[in-house]
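Below: one structure, written as structure tokens.
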Amino acid sequence: MATVDRLTFTNGLSKLKGAAFRLVCLGATAVGVLALAALLLTVTWGALGFDAAHPVWILVVLTATGLSTGGVVTYARRDETVKLAAISSTAALIGGAVLGVFAVVFQLIVTPSVWAAYAGGALLPALVTALVIPNRRYRLPATAAVLVGGGVVATVALDTLTELAGAADPWLLYLLTIVVPLAVLVWTRVEPTAGRRRAGLLAGGLVLAGVAVPLLTPAPDPLTPGLVLVFGLALFSPLGVLAWRRFRNGQSNVGLAAPLVIVGGAVVGVVIANATGFAAADPWLDWQFLTSPHSRLPEDAGLYPAVVGSFFIMMVMAAFAFPVSVGAAIYLEEYAPSTGWRGRIVQLIQVNIANLAGVPSVVYGLLGLAIIARGVSLGPFALWPGTGTGVVTTAAFTLGLLIMPITIISAQEAIRAVPDAHRRASYAMGASDWHTLRNVVLPEALPGILTGTILSLGRAIGETAPLIMIGAATTVYSPPTSLNDSVSAMPMQIYAWAGEFIADFRTGVLSAGVLTLLLAMLAINAVAILVRNRYERNQ
Amino acid sequence: MSQDPHDRSGLPSRRNFLVSSSVVAATALAGCSGNGDDGDAGDGDTTSGDGGTTSADELSGTIRISGSSTVYPVQVAATEEFRADVSDDVEFPISRDGSTGGFEKFFLKGDSDINGSSRPILEEEVERARDQGFEPIEFQVAGDALTAAVNNDNDWAECITIEELSRIWSPDAENELWSDIRSEWPDEPFDLYGAATTSGTFDYWTREVVGELRVIRDDFEGTEEDDLIARGISDNQYAHGYLPYAYYDNNPGSIKALEIDGGEGCTEPSLTAASDGTYPLARPIFIYVNSNRLQEKEELQEFLRYYIELTGNQQIIAEEIGYVPMSDQEIQDNLNKLEETIE
Amino acid sequence: MWYGDDRALHDVDMDIPEHRVTAIIGPSGCGKSTFLRCLNRMNDMVESARIEGAVRFDGTDIYDDAVDPIALRRQIGMVFQHPNPFPKSIYDNVAYGLRVQDEPVDDDVVETALRRAALWEEVEGQLDTSALELSGGQQQRLCIARAIAVDPDVILMDEPASALDPVATAKIEDLIEELAEEYTVVIVTHNMQQAARISDITAVFLTGGNLVEIDRTETVFKNPAHERVEEYITGQFG
Ligand SMILES: Nc1ncnc2c1ncn2[C@@H]1O[C@H](COP(=O)(O)OP(=O)(O)O)[C@@H](O)[C@H]1O
Ligand SMILES: [Mg+2]
């Protein structure tokens, strides 16, 4: 009896504490998840205009989507490789979509003919050099030389080249500068493993698609056939690489169709529901919304210039913040003195960087307005002329400063996470500091650095306060195409809709805007997670 | 960049616009003739030799607009229609900063060409503009019937005098309860919502209702967003606040508007009452233009000609936005003023 | 040899013969690794480390100002206690040393190094896969291949088998014996049987960083000159 007691009796109180704690943690998680779900649900509901729809219509659509999703899930659950394929193809499509938006915005800014001038003058020759030179030792310097030389030539002859390129249809330029090289690349990759027939089929198919897509698909304004081609390539290339890898490893590609099946289910649902004759949803978030500027009438209003503006700002910001923060992080981690009075200064700087990460964003806005926008002069000498209020450069630099403490710290952490054993191994091989950094530390830290940077892009895209401070416009009508153009960003326009007189703005249009912003943010964060996961799997 | 043809049935047709503006063009314009036979796409080569004046079809440039959120819908309407009708090569970055905010942050620093304002510019602001070397040119673009509103469940107040409003909002008065204003009203405290200090509406209310510019009690919710005012009012039976008539007009049923008695009897806020002068809280809303920019930028001149014409458009100003349109006479006066400044 | 104010090694004086396996044994913390790192100046990386005296390699003092530690380490390779391949492909791991020395990388060199490290048969055909997919023993042999790909004169090994299972250990031991035909090997181990099996010369360090005895392995194990060494070898302390 005593033995049984000893074995069964545990401290009741501690058991209770444990259970209570577990419950509290569960509650906290539930609150967070439910709040987020409720937000997403209301916003989606409003943005897709479900309140205009008859309950039967909604029921049919939801049932069809649920069935296709459920079908995919049950099918994928039985087989680990199918499941993995389903997940990674969804991820690849999300990543491809983000890539596509960036690519389209990039092309809108540089224009097809300037792109063609540089692609034809520098990028393609460099690519050919890299493919042709067999010796690894000379390949890199030769490629770099061709790239720089070609770049200089293209810049000098830019007017002539753009004029030349301007004569051709943009989609033809993209075909020649992107699709054909890509087809060649696919051929060289696929041919050794899969044989001539398959490689030829793939490369040929690619070129054929490159011709057919712009010619056959209608390009909805303001997209051009060329931009549709660019977006399509960016959207599907991650999926293509994924499919090829799986094929090479002898894995089945059935699971890759999962996102298609789910979306297909929803589409079929909508078709059936429309056929029932009940009132359909009247979505605010539609093509018109994504491609029009603001209007005084809610039915005509859209977010196009702000979407392009946000992505333009992000690109310039990343181009500026990424090298600076990686450089600072490398210096602080690898070179900065750690002892003596200089070491203490470094420590002070380090603490300050950490503090800057917590400074409210309005303060960065003030800084951006006072210094970046209006310029700095010392007496009669202009040290920095100022980039002007409300333009892309000012916004990008200001937001760049805002994210820099975070990107520096995350880059430092990524560098610190490289095992010392790897550094030691490199030094023991007779590698110099530079070699070790270049060949061991940076490649290993890069995914971590990228993850940090991409996540901070996601933060910057939602910032409003600093943009208001630097005088960014609420509304612009055409997307910015140069660094000195006035720019608006998604949160600016969305905030303005919240204060409109007409109720439809504050419900439907606002929801559509918020959903667009949220989706952009979630997609960018998904890309960051993707990069990190790939990296962790490789470790 | 052709846009899909939305229903613009009620808008001033391109032909109408050109006819009406050609009167002005004949008197005041040298190079800009209304040769209105083609569409939006300029076909080049119409540059006349005299100082680079170009036809309207080729206008391009950027016009920066700042200021009041009360004027914002009008600014959007004018710019949007101008781009559709005249030239979509002119870009209009518009910000909503409040009348005072827009003057302070942009207009008086020379950073914006046009500032919307829901109150007349202050003498002090005119002086600061002159220090910068320009004159702010005033154009009234619409009229508003500033609306004093209460909760829908408020069954005691129907009409209120300016004097009573003043007693509610003035800082020194010790009025905290509805019954302090009229003894038959409930013994309940007010819950007050008004415009933020950066807003021209705030300036108007303090001067016209309380009696002195920017003097007001400090225990109210001040915001630049009319929607927040409306929501504050609709959430509390004892709430009261004021907002542009356009908001009230576009959201019928969400709040209840009070009739105002300015000494000549109670008047309901309405566009008619505001335009015929019977509504005591009728107020003009303005845009101010930087005179230097106006002289330099042809696209700005052309835009303002269009804008002033558009302020008389019943469909856009009254029905779509909810303000009082300008009369033909006022429009003509404004156009004359514009051409005088350009000269 | 000091770490800050703590002295880690006292008056160590020993010769390391060419093309032989020299084992260094001793209890934990007695300074074996510290000594080994003195031989290729890896202690330079430790900020607090300070050294007095000379280490002569082919007659030159490697601590001479004229000696570049980077060049030195190209002559004296090192294998660590825990396998530490880079997260790169097997091929790139072996080629790493050649690349940092700006020497042309060709597949033959990589193959030879892998063959000498007795790993070729196991990884042939999968040179492009990540080195991290190999087992612990394979990884350690890869590290050895990486070290010998640049054809050094000396290979230093710090307890190279202590993190491995017995089968992998046996493979490494066989490998070390073969390597001694071409290279000078210095191996730290706390496993006395291992030292006895594979080394020609054995040096015994005892607590406090003193080199107590160095002699032919047979002599050290069968007939040690010092009583404390005998006690250590017979397992009475340590
Ligand atoms: N990097 C270092 N900094 C300071 N002290 C160290 C360092 N490395 C080793 N030591 C000290 O030197 C002594 C010898 O260590 P080590 O050479 O690692 O011994 P062993 O390899 O024989 O176990 C120990 O007391 C250890 O604490
Ligand atoms: Mg050790």
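Just so we're on the same page: first chain in the structure tokens is A, next is B, and so on; residues restart at 1 for each chain, and ligands are numbered from 1 in the order they show up.
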Distance-based interface of chain B with chain A, 6 Å, counting only C-alpha atoms, as a list in words =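 Taking only C-alpha atoms into account, Ala77, Phe92, Pro93, Ile94, Ser95, Glu225, Asp227, Tyr247 and Asn250 of chain B sit within 6 Å of chain A.
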Fewer than 5 positions away in the same chain doesn't count, so skip those; otherwise give me all residues within 7 Å of A:Ala489, counting only C-alpha atoms, as a list in words.
->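 Here the qualifying residues turn out to be Ala306, Val307, Gly309 and Ser310 of chain A.
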Selected residues written out with N, CA, C and O atoms, as a compact mmCIF listing (two decimals), in the first residue's frame:
```txt
# COMPACT_ATOMS: atom_id res chain seq x y z
N ALA A 306 0.28 53.68 -55.87
CA ALA A 306 0.83 53.46 -54.53
C ALA A 306 1.51 52.10 -54.44
O ALA A 306 2.54 51.95 -53.77
N VAL A 307 0.95 51.09 -55.12
CA VAL A 307 1.60 49.77 -55.12
C VAL A 307 2.97 49.86 -55.78
O VAL A 307 3.99 49.45 -55.21
N GLY A 309 4.69 52.53 -56.21
CA GLY A 309 5.51 53.39 -55.35
C GLY A 309 6.12 52.61 -54.20
O GLY A 309 7.33 52.69 -53.95
N SER A 310 5.31 51.82 -53.52
CA SER A 310 5.81 51.04 -52.38
C SER A 310 6.94 50.12 -52.82
O SER A 310 7.98 50.03 -52.15
```
With only C-alpha atoms and all ligand atoms counted and 7 Å as the cut-off, give the residues of chain C in contact with ligand 2, each with its shortest interatomic distance in Å and the pair that gives it, as a tab-separated table.
```
residue	atom	partner	partner_atom_place_in_ligand_line	distance
C:Ser28	CA	ligand 2	1 (Mg)	6.8
C:Gly29	CA	ligand 2	1 (Mg)	6.8
C:Lys32	CA	ligand 2	1 (Mg)	5.8
C:Ser33	CA	ligand 2	1 (Mg)	4.3
C:Asp158	CA	ligand 2	1 (Mg)	6.7
```
Sel. of strand (DSSP E) residues, stretch 261-387 of chain A, as a VMD selection string | chain A and resid 376 to 378 381 to 384
Could you list, as a PyMOL selection string, every residue of chain C that has an atom within 6 Å of an atom of chain A, counting only C-alpha atoms?
-> chain C and resi 70+73-74+78+97+100
Got a sec to check which residues lie within 12 Å of ligand 1, using only C-alpha atoms and all ligand atoms, and send them as a PyMOL selection string?
-> chain C and resi 1-10+24-38+42-50+80-81+157-159+187-190+204-211+238
Pull the helix (DSSP H, G or I) assignments for stretch 66-158 of chain B out of DSSP run on the backbone, and list those residues as a ChimeraX atom specification.
-> /B:72-85,99-105,107-109,123-131
Contact residues around stretch 274-291 of chain B with only C-alpha atoms at 9 Å, ignoring same-chain residues under 4 positions, as number ranges by chain = B: 67, 70-71, 75, 107-108, 110, 112-121, 129, 134-148, 162, 204-205, 208-209, 259-264, 266-270, 295-296, 324-326, 341-342
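For C:Gly77, the set of protein, DNA and RNA residues having any atom at most 7 Å away, when counting only C-alpha atoms and skipping those fewer than 6 positions along the same chain, is A:Ala428, A:Met429, C:Ala147, C:Pro152, C:Val154, C:Ile155, C:Leu156.
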Residue contacts of stretch 169-179 of chain C (7 Å, only C-alpha atoms) excluding same-chain residues fewer than 6 positions away, as a list of chain:residue names |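 The contact residues come out as C:Ala117, C:Ala161, C:Ile198.
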Just N, CA, C and O atoms for this one: save the residues we selected as a PDB file, in the first residue's frame.
```pdb
ATOM      1  N   ALA C 117      42.797   9.727 -48.430  1.00  0.00           N
ATOM      2  CA  ALA C 117      42.063   9.765 -47.166  1.00  0.00           C
ATOM      3  C   ALA C 117      41.103   8.589 -47.061  1.00  0.00           C
ATOM      4  O   ALA C 117      40.246   8.557 -46.178  1.00  0.00           O
ATOM      5  N   ALA C 161      39.975  11.282 -33.466  1.00  0.00           N
ATOM      6  CA  ALA C 161      39.006  10.186 -33.436  1.00  0.00           C
ATOM      7  C   ALA C 161      38.160  10.197 -32.182  1.00  0.00           C
ATOM      8  O   ALA C 161      37.325   9.320 -31.992  1.00  0.00           O
ATOM      9  N   ILE C 198      49.599   3.429 -32.924  1.00  0.00           N
ATOM     10  CA  ILE C 198      49.933   4.072 -34.199  1.00  0.00           C
ATOM     11  C   ILE C 198      51.198   4.909 -34.178  1.00  0.00           C
ATOM     12  O   ILE C 198      51.696   5.274 -35.240  1.00  0.00           O
TER      13      ILE C 198
END
```
Tell me, in Å to one decimal, how far atom CA of A:Gly368 is from atom CA of A:Thr398.
->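 Between atom CA of A:Gly368 and atom CA of A:Thr398 the gap is 5.0 Å.
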What's the 7 Å shell around stretch 454-467 of chain A, counting only C-alpha atoms, without same-chain residues fewer than 6 positions away, as a list in words?
->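 The neighbour list is Ser310, Met314, Ser361, Val362, Tyr364, Gly365, Ala395, Leu399, Ile403, Thr407, Pro491, Met492, Met521, Ile524, Asn525 and Ala528 of chain A.
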Hey, which of A:Val82, A:Ala53, A:Val268, A:Leu124 ends up closest to A:Arg246? Count only C-alpha atoms.
-> A:Val82
Can you work out the spacing between atom CA of A:Leu84 and atom CA of A:Val101 in Å, to one decimal?
->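 Computed distance, atom CA of A:Leu84 to atom CA of A:Val101, equals 25.8 Å.
For the residues B:Glu163, B:Thr201, B:Val126, B:Asp249, ranking by smallest atom-to-atom distance to B:Glu320 using only C-alpha atoms places B:Asp249 first.
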Tell me, in Å to one decimal, how far atom CA of B:Ser234 is from atom CA of B:Asp191.
->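 Those two atoms sit 10.9 Å apart.
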Selection near stretch 138-141 of chain A, 12 Å with only C-alpha atoms, sequence-local residues under 2 positions removed, as a PyMOL selection string = (chain A and resi 126-136+143-149) or (chain C and resi 102-105)
Please save C-alpha atoms of the selected residues as a PDB file, in the first residue's frame.
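Saved the output as part35.pdb:
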```pdb
ATOM      1  CA  ALA A 126      28.957  38.346 -69.458  1.00  0.00           C
ATOM      2  CA  LEU A 127      26.675  35.317 -69.345  1.00  0.00           C
ATOM      3  CA  VAL A 128      28.198  33.959 -72.549  1.00  0.00           C
ATOM      4  CA  THR A 129      31.695  34.523 -71.143  1.00  0.00           C
ATOM      5  CA  ALA A 130      30.800  32.680 -67.980  1.00  0.00           C
ATOM      6  CA  LEU A 131      29.436  29.736 -69.956  1.00  0.00           C
ATOM      7  CA  VAL A 132      32.254  29.561 -72.499  1.00  0.00           C
ATOM      8  CA  ILE A 133      35.361  29.820 -70.318  1.00  0.00           C
ATOM      9  CA  PRO A 134      35.994  26.373 -68.855  1.00  0.00           C
ATOM     10  CA  ASN A 135      38.723  27.251 -66.401  1.00  0.00           C
ATOM     11  CA  ARG A 136      37.307  28.306 -63.060  1.00  0.00           C
ATOM     12  CA  THR A 143      33.029  37.656 -66.612  1.00  0.00           C
ATOM     13  CA  ALA A 144      33.426  40.656 -64.336  1.00  0.00           C
ATOM     14  CA  ALA A 145      35.574  42.415 -66.897  1.00  0.00           C
ATOM     15  CA  VAL A 146      33.024  41.829 -69.652  1.00  0.00           C
ATOM     16  CA  LEU A 147      30.219  42.964 -67.349  1.00  0.00           C
ATOM     17  CA  VAL A 148      31.943  46.217 -66.386  1.00  0.00           C
ATOM     18  CA  GLY A 149      33.283  46.870 -69.868  1.00  0.00           C
TER      19      GLY A 149
ATOM     20  CA  ASP C 102      45.231  30.327 -55.968  1.00  0.00           C
ATOM     21  CA  GLU C 103      46.271  26.988 -57.326  1.00  0.00           C
ATOM     22  CA  PRO C 104      44.401  25.469 -60.237  1.00  0.00           C
ATOM     23  CA  VAL C 105      41.799  23.001 -59.102  1.00  0.00           C
TER      24      VAL C 105
END
```
